[in-house]
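Q: Data file run_27.cif (mmCIF, N, CA and C atoms and all ligand atoms) is appended below.
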```cif
data_structure
loop_
_atom_site.label_atom_id
_atom_site.label_comp_id
_atom_site.auth_asym_id
_atom_site.auth_seq_id
_atom_site.Cartn_x
_atom_site.Cartn_y
_atom_site.Cartn_z
N MET H 1021 166.00 72.02 74.70
CA MET H 1021 164.76 72.15 75.49
C MET H 1021 163.75 73.00 74.73
N ILE H 1022 162.55 72.46 74.57
CA ILE H 1022 161.48 73.16 73.87
C ILE H 1022 160.52 73.75 74.90
N ALA H 1023 160.26 75.04 74.79
CA ALA H 1023 159.24 75.69 75.62
C ALA H 1023 157.90 75.49 74.92
N ILE H 1024 156.88 75.10 75.66
CA ILE H 1024 155.58 74.91 75.04
C ILE H 1024 154.50 75.58 75.88
N GLY H 1025 153.53 76.18 75.20
CA GLY H 1025 152.46 76.86 75.92
C GLY H 1025 151.22 76.97 75.06
N CYS H 1026 150.11 77.24 75.70
CA CYS H 1026 148.83 77.33 74.99
C CYS H 1026 147.85 78.16 75.80
N ASP H 1027 146.73 78.48 75.18
CA ASP H 1027 145.58 78.95 75.94
C ASP H 1027 144.54 77.83 75.90
N HIS H 1028 143.35 78.13 76.38
CA HIS H 1028 142.29 77.10 76.41
C HIS H 1028 141.98 76.54 75.02
N GLY H 1029 142.04 77.41 74.01
CA GLY H 1029 141.73 76.97 72.64
C GLY H 1029 142.76 76.01 72.08
N GLY H 1030 143.97 76.05 72.64
CA GLY H 1030 145.04 75.20 72.13
C GLY H 1030 145.42 74.06 73.06
N TYR H 1031 144.67 73.95 74.17
CA TYR H 1031 145.09 72.99 75.21
C TYR H 1031 145.16 71.54 74.69
N GLU H 1032 144.12 71.11 74.00
CA GLU H 1032 144.12 69.71 73.56
C GLU H 1032 145.20 69.44 72.51
N MET H 1033 145.43 70.41 71.64
CA MET H 1033 146.50 70.23 70.65
C MET H 1033 147.87 70.22 71.36
N LYS H 1034 148.01 71.05 72.37
CA LYS H 1034 149.29 71.05 73.12
C LYS H 1034 149.57 69.66 73.71
N LEU H 1035 148.54 69.00 74.23
CA LEU H 1035 148.74 67.66 74.81
C LEU H 1035 149.23 66.69 73.74
N GLU H 1036 148.70 66.81 72.53
CA GLU H 1036 149.14 65.92 71.44
C GLU H 1036 150.59 66.24 71.04
N ILE H 1037 150.94 67.51 71.04
CA ILE H 1037 152.32 67.89 70.70
C ILE H 1037 153.27 67.39 71.79
N ILE H 1038 152.84 67.45 73.02
CA ILE H 1038 153.66 66.93 74.13
C ILE H 1038 153.88 65.42 73.95
N LYS H 1039 152.84 64.72 73.54
CA LYS H 1039 152.99 63.27 73.27
C LYS H 1039 154.04 63.04 72.19
N TYR H 1040 153.98 63.85 71.13
CA TYR H 1040 154.96 63.76 70.03
C TYR H 1040 156.37 64.00 70.60
N LEU H 1041 156.53 65.03 71.42
CA LEU H 1041 157.86 65.35 71.96
C LEU H 1041 158.36 64.18 72.81
N GLU H 1042 157.48 63.65 73.64
CA GLU H 1042 157.88 62.52 74.51
C GLU H 1042 158.25 61.29 73.69
N GLN H 1043 157.45 61.01 72.67
CA GLN H 1043 157.73 59.83 71.82
C GLN H 1043 159.06 59.97 71.09
N ASN H 1044 159.46 61.20 70.85
CA ASN H 1044 160.70 61.45 70.12
C ASN H 1044 161.87 61.82 71.03
N GLY H 1045 161.66 61.68 72.33
CA GLY H 1045 162.73 61.92 73.30
C GLY H 1045 163.20 63.37 73.31
N ILE H 1046 162.29 64.29 73.04
CA ILE H 1046 162.65 65.71 73.01
C ILE H 1046 162.25 66.34 74.34
N ALA H 1047 163.21 66.95 75.02
CA ALA H 1047 162.93 67.58 76.32
C ALA H 1047 162.10 68.84 76.12
N TYR H 1048 161.17 69.08 77.04
CA TYR H 1048 160.32 70.26 76.94
C TYR H 1048 160.01 70.82 78.32
N LYS H 1049 159.61 72.08 78.33
CA LYS H 1049 159.12 72.70 79.55
C LYS H 1049 157.75 73.29 79.24
N ASP H 1050 156.76 72.88 79.99
CA ASP H 1050 155.39 73.31 79.75
C ASP H 1050 155.08 74.56 80.58
N PHE H 1051 154.75 75.64 79.88
CA PHE H 1051 154.47 76.92 80.55
C PHE H 1051 152.96 77.13 80.75
N GLY H 1052 152.14 76.06 80.58
CA GLY H 1052 150.71 76.20 80.75
C GLY H 1052 150.03 76.66 79.47
N CYS H 1053 148.69 76.78 79.50
CA CYS H 1053 147.80 76.59 80.62
C CYS H 1053 147.58 75.09 80.87
N THR H 1054 146.80 74.80 81.89
CA THR H 1054 146.70 73.40 82.31
C THR H 1054 145.30 72.82 82.23
N THR H 1055 144.34 73.60 81.71
CA THR H 1055 142.97 73.10 81.54
C THR H 1055 142.36 73.79 80.32
N THR H 1056 141.10 73.45 80.02
CA THR H 1056 140.41 74.12 78.91
C THR H 1056 139.59 75.32 79.41
N GLU H 1057 139.80 75.71 80.65
CA GLU H 1057 139.11 76.92 81.16
C GLU H 1057 139.70 78.16 80.53
N SER H 1058 138.87 79.12 80.26
CA SER H 1058 139.29 80.32 79.54
C SER H 1058 140.41 81.08 80.26
N VAL H 1059 141.46 81.37 79.50
CA VAL H 1059 142.61 82.12 80.02
C VAL H 1059 143.02 83.16 78.98
N ASP H 1060 143.99 83.97 79.32
CA ASP H 1060 144.45 85.05 78.44
C ASP H 1060 145.74 84.63 77.73
N TYR H 1061 145.65 84.50 76.39
CA TYR H 1061 146.80 83.97 75.64
C TYR H 1061 148.10 84.78 75.80
N PRO H 1062 148.06 86.12 76.01
CA PRO H 1062 149.36 86.83 76.12
C PRO H 1062 150.23 86.33 77.29
N VAL H 1063 149.58 85.87 78.35
CA VAL H 1063 150.34 85.39 79.52
C VAL H 1063 151.25 84.23 79.10
N TYR H 1064 150.69 83.30 78.34
CA TYR H 1064 151.43 82.09 77.98
C TYR H 1064 152.35 82.33 76.79
N GLY H 1065 151.87 83.15 75.88
CA GLY H 1065 152.70 83.49 74.71
C GLY H 1065 153.97 84.21 75.12
N LYS H 1066 153.82 85.17 76.03
CA LYS H 1066 155.00 85.92 76.46
C LYS H 1066 155.92 85.06 77.33
N ALA H 1067 155.36 84.20 78.15
CA ALA H 1067 156.19 83.35 79.02
C ALA H 1067 157.09 82.44 78.17
N VAL H 1068 156.51 81.84 77.16
CA VAL H 1068 157.31 80.96 76.27
C VAL H 1068 158.33 81.79 75.51
N ALA H 1069 157.90 82.92 74.97
CA ALA H 1069 158.82 83.76 74.19
C ALA H 1069 159.99 84.25 75.04
N LYS H 1070 159.70 84.65 76.28
CA LYS H 1070 160.77 85.14 77.16
C LYS H 1070 161.76 84.02 77.50
N ALA H 1071 161.27 82.81 77.65
CA ALA H 1071 162.17 81.67 77.93
C ALA H 1071 163.10 81.42 76.75
N VAL H 1072 162.59 81.60 75.54
CA VAL H 1072 163.42 81.42 74.34
C VAL H 1072 164.41 82.58 74.21
N ALA H 1073 163.92 83.80 74.40
CA ALA H 1073 164.79 84.98 74.27
C ALA H 1073 165.91 84.94 75.30
N ALA H 1074 165.63 84.42 76.47
CA ALA H 1074 166.62 84.36 77.54
C ALA H 1074 167.61 83.21 77.36
N GLY H 1075 167.33 82.32 76.41
CA GLY H 1075 168.22 81.18 76.20
C GLY H 1075 167.93 80.01 77.11
N GLU H 1076 166.87 80.15 77.91
CA GLU H 1076 166.50 79.04 78.81
C GLU H 1076 166.00 77.85 77.97
N CYS H 1077 165.32 78.16 76.88
CA CYS H 1077 164.85 77.14 75.94
C CYS H 1077 165.32 77.50 74.54
N GLU H 1078 165.63 76.48 73.76
CA GLU H 1078 166.17 76.68 72.40
C GLU H 1078 165.10 77.18 71.44
N LYS H 1079 163.91 76.59 71.55
CA LYS H 1079 162.79 76.94 70.68
C LYS H 1079 161.50 76.89 71.49
N GLY H 1080 160.44 77.48 70.91
CA GLY H 1080 159.15 77.44 71.58
C GLY H 1080 158.03 77.06 70.63
N ILE H 1081 156.99 76.46 71.18
CA ILE H 1081 155.80 76.13 70.42
C ILE H 1081 154.58 76.65 71.19
N LEU H 1082 153.73 77.38 70.48
CA LEU H 1082 152.56 77.99 71.11
C LEU H 1082 151.30 77.60 70.34
N VAL H 1083 150.24 77.33 71.06
CA VAL H 1083 148.98 76.97 70.41
C VAL H 1083 147.84 77.77 71.03
N CYS H 1084 147.07 78.44 70.19
CA CYS H 1084 145.80 79.04 70.64
C CYS H 1084 144.75 78.69 69.60
N GLY H 1085 143.62 79.35 69.62
CA GLY H 1085 142.56 79.00 68.69
C GLY H 1085 142.96 79.20 67.24
N THR H 1086 143.47 80.37 66.97
CA THR H 1086 143.89 80.70 65.59
C THR H 1086 145.40 80.67 65.40
N GLY H 1087 146.14 80.78 66.48
CA GLY H 1087 147.60 80.96 66.40
C GLY H 1087 147.99 82.42 66.27
N ILE H 1088 147.00 83.26 65.97
CA ILE H 1088 147.31 84.67 65.71
C ILE H 1088 147.69 85.42 66.99
N GLY H 1089 146.87 85.28 68.01
CA GLY H 1089 147.17 85.98 69.26
C GLY H 1089 148.51 85.56 69.83
N MET H 1090 148.77 84.27 69.79
CA MET H 1090 150.06 83.77 70.31
C MET H 1090 151.23 84.31 69.50
N SER H 1091 151.07 84.37 68.18
CA SER H 1091 152.19 84.86 67.35
C SER H 1091 152.42 86.34 67.59
N ILE H 1092 151.36 87.11 67.78
CA ILE H 1092 151.54 88.54 68.08
C ILE H 1092 152.25 88.69 69.41
N ALA H 1093 151.79 87.96 70.42
CA ALA H 1093 152.39 88.05 71.76
C ALA H 1093 153.87 87.69 71.71
N ALA H 1094 154.20 86.60 71.05
CA ALA H 1094 155.59 86.13 71.02
C ALA H 1094 156.49 87.12 70.29
N ASN H 1095 155.97 87.67 69.19
CA ASN H 1095 156.81 88.58 68.40
C ASN H 1095 157.02 89.94 69.05
N LYS H 1096 156.34 90.21 70.16
CA LYS H 1096 156.58 91.44 70.93
C LYS H 1096 157.87 91.33 71.75
N VAL H 1097 158.36 90.12 71.92
CA VAL H 1097 159.55 89.90 72.76
C VAL H 1097 160.80 89.97 71.89
N ALA H 1098 161.71 90.86 72.24
CA ALA H 1098 162.93 91.07 71.45
C ALA H 1098 163.72 89.77 71.31
N GLY H 1099 164.16 89.51 70.10
CA GLY H 1099 164.95 88.31 69.86
C GLY H 1099 164.12 87.13 69.42
N VAL H 1100 162.81 87.27 69.51
CA VAL H 1100 161.93 86.17 69.11
C VAL H 1100 161.46 86.39 67.67
N ARG H 1101 161.51 85.33 66.91
CA ARG H 1101 160.94 85.31 65.56
C ARG H 1101 159.94 84.15 65.54
N CYS H 1102 158.69 84.53 65.61
CA CYS H 1102 157.62 83.52 65.69
C CYS H 1102 156.87 83.44 64.38
N ALA H 1103 156.69 82.23 63.88
CA ALA H 1103 155.93 82.01 62.65
C ALA H 1103 154.64 81.25 62.96
N LEU H 1104 153.55 81.81 62.50
CA LEU H 1104 152.27 81.10 62.53
C LEU H 1104 152.20 80.25 61.26
N CYS H 1105 152.19 78.95 61.42
CA CYS H 1105 152.21 78.06 60.25
C CYS H 1105 150.92 77.25 60.15
N THR H 1106 150.40 77.19 58.94
CA THR H 1106 149.22 76.36 58.66
C THR H 1106 149.50 75.35 57.56
N ASP H 1107 150.76 75.31 57.10
CA ASP H 1107 151.11 74.36 56.03
C ASP H 1107 152.57 73.94 56.18
N CYS H 1108 152.89 72.82 55.54
CA CYS H 1108 154.23 72.23 55.69
C CYS H 1108 155.31 73.05 55.00
N PHE H 1109 154.97 73.64 53.86
CA PHE H 1109 155.97 74.43 53.12
C PHE H 1109 156.43 75.62 53.97
N SER H 1110 155.49 76.32 54.56
CA SER H 1110 155.85 77.47 55.40
C SER H 1110 156.70 77.03 56.59
N ALA H 1111 156.34 75.89 57.18
CA ALA H 1111 157.10 75.39 58.33
C ALA H 1111 158.56 75.14 57.96
N GLU H 1112 158.78 74.61 56.77
CA GLU H 1112 160.15 74.32 56.33
C GLU H 1112 160.89 75.63 56.00
N VAL H 1113 160.24 76.46 55.20
CA VAL H 1113 160.94 77.65 54.70
C VAL H 1113 161.17 78.69 55.80
N THR H 1114 160.28 78.74 56.77
CA THR H 1114 160.51 79.70 57.85
C THR H 1114 161.70 79.32 58.72
N ARG H 1115 162.03 78.05 58.76
CA ARG H 1115 163.27 77.64 59.44
C ARG H 1115 164.48 77.96 58.54
N LEU H 1116 164.38 77.61 57.28
CA LEU H 1116 165.51 77.82 56.35
C LEU H 1116 165.84 79.30 56.18
N HIS H 1117 164.82 80.13 56.07
CA HIS H 1117 165.03 81.55 55.72
C HIS H 1117 164.98 82.49 56.91
N ASN H 1118 164.04 82.24 57.83
CA ASN H 1118 163.82 83.19 58.94
C ASN H 1118 164.45 82.73 60.25
N ASP H 1119 164.95 81.52 60.29
CA ASP H 1119 165.48 80.95 61.54
C ASP H 1119 164.49 81.21 62.69
N THR H 1120 163.23 80.95 62.45
CA THR H 1120 162.23 81.20 63.50
C THR H 1120 162.53 80.33 64.72
N ASN H 1121 162.36 80.96 65.87
CA ASN H 1121 162.63 80.23 67.11
C ASN H 1121 161.36 79.92 67.90
N VAL H 1122 160.24 80.40 67.42
CA VAL H 1122 158.95 80.03 68.02
C VAL H 1122 157.97 79.70 66.89
N LEU H 1123 157.23 78.63 67.08
CA LEU H 1123 156.18 78.20 66.14
C LEU H 1123 154.83 78.43 66.79
N ALA H 1124 153.91 79.05 66.06
CA ALA H 1124 152.54 79.20 66.55
C ALA H 1124 151.61 78.38 65.68
N LEU H 1125 150.64 77.76 66.32
CA LEU H 1125 149.65 76.93 65.62
C LEU H 1125 148.25 77.32 66.08
N GLY H 1126 147.29 77.19 65.17
CA GLY H 1126 145.90 77.47 65.49
C GLY H 1126 145.11 76.18 65.54
N ALA H 1127 144.70 75.80 66.73
CA ALA H 1127 144.02 74.51 66.89
C ALA H 1127 142.62 74.50 66.28
N ARG H 1128 142.04 75.70 66.09
CA ARG H 1128 140.71 75.76 65.47
C ARG H 1128 140.81 75.92 63.95
N ILE H 1129 142.03 75.95 63.46
CA ILE H 1129 142.27 76.16 62.03
C ILE H 1129 142.88 74.91 61.40
N THR H 1130 143.90 74.38 62.08
CA THR H 1130 144.73 73.31 61.51
C THR H 1130 144.39 71.99 62.19
N GLY H 1131 144.14 70.97 61.39
CA GLY H 1131 143.84 69.65 61.94
C GLY H 1131 145.02 69.06 62.69
N MET H 1132 144.73 68.12 63.56
CA MET H 1132 145.76 67.58 64.45
C MET H 1132 146.91 66.91 63.70
N SER H 1133 146.60 66.10 62.69
CA SER H 1133 147.67 65.39 61.97
C SER H 1133 148.57 66.36 61.24
N LEU H 1134 147.96 67.35 60.59
CA LEU H 1134 148.76 68.36 59.89
C LEU H 1134 149.60 69.16 60.89
N ALA H 1135 149.02 69.51 62.02
CA ALA H 1135 149.76 70.28 63.03
C ALA H 1135 150.99 69.51 63.50
N LEU H 1136 150.82 68.20 63.72
CA LEU H 1136 151.96 67.39 64.18
C LEU H 1136 153.03 67.28 63.09
N LYS H 1137 152.59 67.24 61.84
CA LYS H 1137 153.55 67.21 60.72
C LYS H 1137 154.31 68.54 60.65
N ILE H 1138 153.60 69.63 60.84
CA ILE H 1138 154.23 70.96 60.85
C ILE H 1138 155.26 71.03 61.97
N VAL H 1139 154.90 70.55 63.15
CA VAL H 1139 155.84 70.54 64.28
C VAL H 1139 157.09 69.74 63.92
N ASP H 1140 156.87 68.56 63.33
CA ASP H 1140 157.98 67.68 62.98
C ASP H 1140 158.92 68.36 61.97
N ILE H 1141 158.36 68.95 60.96
CA ILE H 1141 159.17 69.63 59.94
C ILE H 1141 159.89 70.82 60.55
N TRP H 1142 159.17 71.61 61.31
CA TRP H 1142 159.75 72.83 61.89
C TRP H 1142 160.91 72.50 62.84
N LEU H 1143 160.71 71.46 63.65
CA LEU H 1143 161.78 71.10 64.61
C LEU H 1143 162.99 70.48 63.92
N ASN H 1144 162.77 69.85 62.78
CA ASN H 1144 163.85 69.10 62.13
C ASN H 1144 164.51 69.80 60.95
N THR H 1145 164.10 71.02 60.67
CA THR H 1145 164.70 71.76 59.56
C THR H 1145 165.69 72.78 60.12
N PRO H 1146 166.96 72.68 59.74
CA PRO H 1146 167.94 73.65 60.24
C PRO H 1146 167.85 74.98 59.48
N PHE H 1147 168.38 76.02 60.08
CA PHE H 1147 168.53 77.31 59.40
C PHE H 1147 169.54 77.13 58.26
N SER H 1148 169.29 77.77 57.13
CA SER H 1148 170.17 77.59 55.97
C SER H 1148 171.56 78.19 56.19
N ASP H 1149 171.61 79.24 57.02
CA ASP H 1149 172.87 79.96 57.29
C ASP H 1149 173.36 80.73 56.06
N ASP H 1150 172.53 80.90 55.06
CA ASP H 1150 172.92 81.69 53.89
C ASP H 1150 173.13 83.14 54.29
N GLU H 1151 174.14 83.76 53.68
CA GLU H 1151 174.51 85.14 54.04
C GLU H 1151 173.32 86.08 53.94
N ARG H 1152 172.53 85.94 52.87
CA ARG H 1152 171.42 86.88 52.69
C ARG H 1152 170.36 86.73 53.77
N HIS H 1153 170.19 85.52 54.25
CA HIS H 1153 169.19 85.33 55.31
C HIS H 1153 169.72 85.80 56.66
N VAL H 1154 171.01 85.59 56.89
CA VAL H 1154 171.63 86.10 58.12
C VAL H 1154 171.49 87.63 58.14
N ARG H 1155 171.77 88.25 57.00
CA ARG H 1155 171.69 89.72 56.92
C ARG H 1155 170.25 90.20 57.18
N ARG H 1156 169.30 89.56 56.56
CA ARG H 1156 167.90 90.00 56.70
C ARG H 1156 167.40 89.81 58.13
N ILE H 1157 167.82 88.72 58.75
CA ILE H 1157 167.40 88.48 60.14
C ILE H 1157 168.00 89.53 61.06
N SER H 1158 169.27 89.87 60.81
CA SER H 1158 169.90 90.90 61.67
C SER H 1158 169.22 92.25 61.48
N MET H 1159 168.70 92.51 60.28
CA MET H 1159 167.95 93.76 60.04
C MET H 1159 166.67 93.84 60.85
N LEU H 1160 166.12 92.69 61.21
CA LEU H 1160 164.89 92.70 62.00
C LEU H 1160 165.11 93.27 63.39
N GLU H 1161 166.33 93.18 63.88
CA GLU H 1161 166.64 93.62 65.25
C GLU H 1161 167.11 95.08 65.30
N GLU H 1162 167.24 95.73 64.12
CA GLU H 1162 167.76 97.11 64.10
C GLU H 1162 166.72 98.09 64.64
C1 LIG Q 1201 140.28 82.41 72.43
O1 LIG Q 1201 138.91 82.39 72.30
C2 LIG Q 1201 140.95 82.88 71.16
O2 LIG Q 1201 140.72 84.24 71.02
C3 LIG Q 1201 142.41 82.56 71.19
O3 LIG Q 1201 142.59 81.19 71.35
C4 LIG Q 1201 143.20 82.92 69.97
O4 LIG Q 1201 142.59 82.46 68.81
C5 LIG Q 1201 143.59 84.32 69.86
O5 LIG Q 1201 144.25 84.75 68.91
#
```
For this file, produce the structure as structure tokens.
Ligand code: RB5
A:
Amino acid sequence: MIAIGCDHGGYEMKLEIIKYLEQNGIAYKDFGCTTTESVDYPVYGKAVAKAVAAGECEKGILVCGTGIGMSIAANKVAGVRCALCTDCFSAEVTRLHNDTNVLALGARITGMSLALKIVDIWLNTPFSDDERHVRRISMLEE
């Protein structure tokens, strides 16, 4: 189950990501927002991050204007490793090395096709499970 959330700046991109999830038979839970009316990104960023940290959802995807506010909000929640990605290489390597469990995207930064490619790569790349990466990730929680 993928937790998904956005603010007004990310609303339209979130709808496209939801279409991608539905087309690929991936279950999701939408934590809002539900319109393009101005809202506060921490509300949605933290809701998605808490669902992932609690194990209610396996991974989360967040979209705001830049992706920055959402990534800051998500990374405040213990157990969450959120990566703001604007390119395919980062999307792949952050799964392999950081085992990120939340992806943040900036709808005013990254074009729709690239964003969907980033989502696809991020969702389909497993953690490498290499000892050095396991060790480094555990150090993040110390
Ligand atoms: C909203 O205007 C904008 O600040 C928000 O979407 C995001 O970019 C914050 O980091």
Q: To one decimal place in Å, what is the distance between atom N of H:Met1033 and atom C of H:Thr1145?
A: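 Distance between the two atoms: 23.4 Å.
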Q: Which protein, DNA or RNA residues have an atom within 7 Å of ligand LIG 1201 (chain Q), counting all atoms listed in the file, as a list of chain:residue names?
A: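 The residues within 7 Å of ligand LIG 1201 (chain Q), counting all atoms listed in the file, are H:Asp1027, H:His1028, H:Gly1029, H:Gly1030, H:Tyr1061, H:Val1083, H:Cys1084, H:Gly1085, H:Thr1086, H:Gly1087, H:Ile1088, H:Gly1089, H:Met1090, H:Ser1091, H:Gly1126.
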Q: Nearest to H:Asn1144 among H:Val1063, H:Glu1161, H:Glu1112, H:Thr1056, with distances taken over only N, CA and C atoms: which residue is it?
A: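 Ranking H:Val1063, H:Glu1161, H:Glu1112, H:Thr1056 by distance to H:Asn1144, first place goes to H:Glu1112.
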Q: Using only N, CA and C atoms, which residue out of H:Gly1075, H:Gly1045, H:Gly1080, H:Gly1099 lies closest to H:Gly1025?
A: H:Gly1080
Q: So how far away is atom CA of H:Lys1079 from atom C of H:Asn1095, in Å?
A: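 We find that atom C of H:Asn1095 and atom CA of H:Lys1079 lie 14.3 Å from each other.
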Q: If you run DSSP on the backbone, which residues of chain H are strand (DSSP E), as JSON, numbers by chain?
A: {"H": [1022, 1023, 1024, 1025, 1026, 1048, 1049, 1050, 1079, 1080, 1081, 1082, 1083, 1084, 1102, 1103, 1104, 1122, 1123, 1124, 1125, 1126]}
Q: For H:Leu1143, work out the shell of residues within 12 Å, counting only C-alpha atoms and skipping chain neighbours fewer than 5 positions away, then give it as an MDAnalysis selection string.
A: chainID H and resid 1021:1022 1037 1040:1041 1044 1046 1078:1081 1108 1111:1116 1119:1123 1136:1138
Q: Atom C of H:Ile1141 and atom N of H:Glu1042 are how many Å apart?
A: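 One can read the atom C of H:Ile1141 to atom N of H:Glu1042 distance as 15.1 Å.
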Q: Smallest atom-to-atom distance to H:Val1154: which of H:Thr1106, H:Thr1054, H:Asn1118, H:Gln1043, using all atoms listed in the file?
A: H:Asn1118
Q: Around all the atoms of stretch 1127-1139 of chain H listed in the file, draw an axis-aligned box and extend it by 8 Å on each of the six sides; I want its centre and edge lengths in Å to one decimal, as JSON.
A:
```
{"center_x": 148.9, "center_y": 70.8, "center_z": 63.4, "size_x": 32.4, "size_y": 26.8, "size_z": 23.0}
```
Q: Based on DSSP run over this structure's backbone, return all residues of stretch 1048-1112 of chain H in helix (DSSP H, G or I), as a PyMOL selection string.
A: chain H and resi 1061-1073+1088-1095+1108-1112
Q: Restricting the calculation to only C-alpha atoms: of H:Ala1067, H:Val1100, H:Ile1024, H:Val1139, which residue gets closest to H:Tyr1048?
A: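 Closest to H:Tyr1048 of all the choices is H:Ile1024.
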Q: For H:Ile1157, which of H:Thr1055, H:Val1068, H:His1117, H:Leu1082 is the closest residue, counting only N, CA and C atoms?
A: H:His1117
Q: Is it possible to add all heavy atoms to stretch 1131-1138 of chain H and hand it back as an mmCIF file, keeping the file's coordinate frame?
A:
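Final output, part.cif:
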```cif
data_model
loop_
_atom_site.group_PDB
_atom_site.id
_atom_site.type_symbol
_atom_site.label_atom_id
_atom_site.label_comp_id
_atom_site.auth_asym_id
_atom_site.auth_seq_id
_atom_site.Cartn_x
_atom_site.Cartn_y
_atom_site.Cartn_z
ATOM 1 N N GLY H 1131 144.140 70.970 61.390
ATOM 2 C CA GLY H 1131 143.840 69.650 61.940
ATOM 3 C C GLY H 1131 145.020 69.060 62.690
ATOM 4 O O GLY H 1131 146.176 69.448 62.462
ATOM 5 N N MET H 1132 144.730 68.120 63.560
ATOM 6 C CA MET H 1132 145.760 67.580 64.450
ATOM 7 C C MET H 1132 146.910 66.910 63.700
ATOM 8 O O MET H 1132 148.086 67.144 64.010
ATOM 9 C CB MET H 1132 145.117 66.563 65.409
ATOM 10 C CG MET H 1132 145.949 66.260 66.613
ATOM 11 S SD MET H 1132 146.044 67.674 67.744
ATOM 12 C CE MET H 1132 144.509 67.489 68.661
ATOM 13 N N SER H 1133 146.600 66.100 62.690
ATOM 14 C CA SER H 1133 147.670 65.390 61.970
ATOM 15 C C SER H 1133 148.570 66.360 61.240
ATOM 16 O O SER H 1133 149.794 66.217 61.246
ATOM 17 C CB SER H 1133 147.088 64.387 60.980
ATOM 18 O OG SER H 1133 146.299 63.469 61.663
ATOM 19 N N LEU H 1134 147.960 67.350 60.590
ATOM 20 C CA LEU H 1134 148.760 68.360 59.890
ATOM 21 C C LEU H 1134 149.600 69.160 60.890
ATOM 22 O O LEU H 1134 150.781 69.428 60.644
ATOM 23 C CB LEU H 1134 147.851 69.294 59.078
ATOM 24 C CG LEU H 1134 148.533 70.460 58.368
ATOM 25 C CD1 LEU H 1134 149.634 69.985 57.426
ATOM 26 C CD2 LEU H 1134 147.489 71.280 57.586
ATOM 27 N N ALA H 1135 149.020 69.510 62.020
ATOM 28 C CA ALA H 1135 149.760 70.280 63.030
ATOM 29 C C ALA H 1135 150.990 69.510 63.500
ATOM 30 O O ALA H 1135 152.082 70.075 63.641
ATOM 31 C CB ALA H 1135 148.855 70.607 64.208
ATOM 32 N N LEU H 1136 150.820 68.200 63.720
ATOM 33 C CA LEU H 1136 151.960 67.390 64.180
ATOM 34 C C LEU H 1136 153.030 67.280 63.090
ATOM 35 O O LEU H 1136 154.231 67.267 63.386
ATOM 36 C CB LEU H 1136 151.487 66.014 64.625
ATOM 37 C CG LEU H 1136 150.618 66.031 65.895
ATOM 38 C CD1 LEU H 1136 150.027 64.663 66.162
ATOM 39 C CD2 LEU H 1136 151.415 66.519 67.111
ATOM 40 N N LYS H 1137 152.590 67.240 61.840
ATOM 41 C CA LYS H 1137 153.550 67.210 60.720
ATOM 42 C C LYS H 1137 154.310 68.540 60.650
ATOM 43 O O LYS H 1137 155.526 68.565 60.428
ATOM 44 C CB LYS H 1137 152.773 66.951 59.413
ATOM 45 C CG LYS H 1137 153.648 66.751 58.203
ATOM 46 C CD LYS H 1137 154.279 65.381 58.208
ATOM 47 C CE LYS H 1137 155.286 65.231 57.083
ATOM 48 N NZ LYS H 1137 156.201 64.112 57.296
ATOM 49 N N ILE H 1138 153.600 69.630 60.840
ATOM 50 C CA ILE H 1138 154.230 70.960 60.850
ATOM 51 C C ILE H 1138 155.260 71.030 61.970
ATOM 52 O O ILE H 1138 156.380 71.516 61.763
ATOM 53 C CB ILE H 1138 153.141 72.061 61.000
ATOM 54 C CG1 ILE H 1138 152.345 72.182 59.689
ATOM 55 C CG2 ILE H 1138 153.754 73.394 61.398
ATOM 56 C CD1 ILE H 1138 151.085 73.049 59.796
#
```
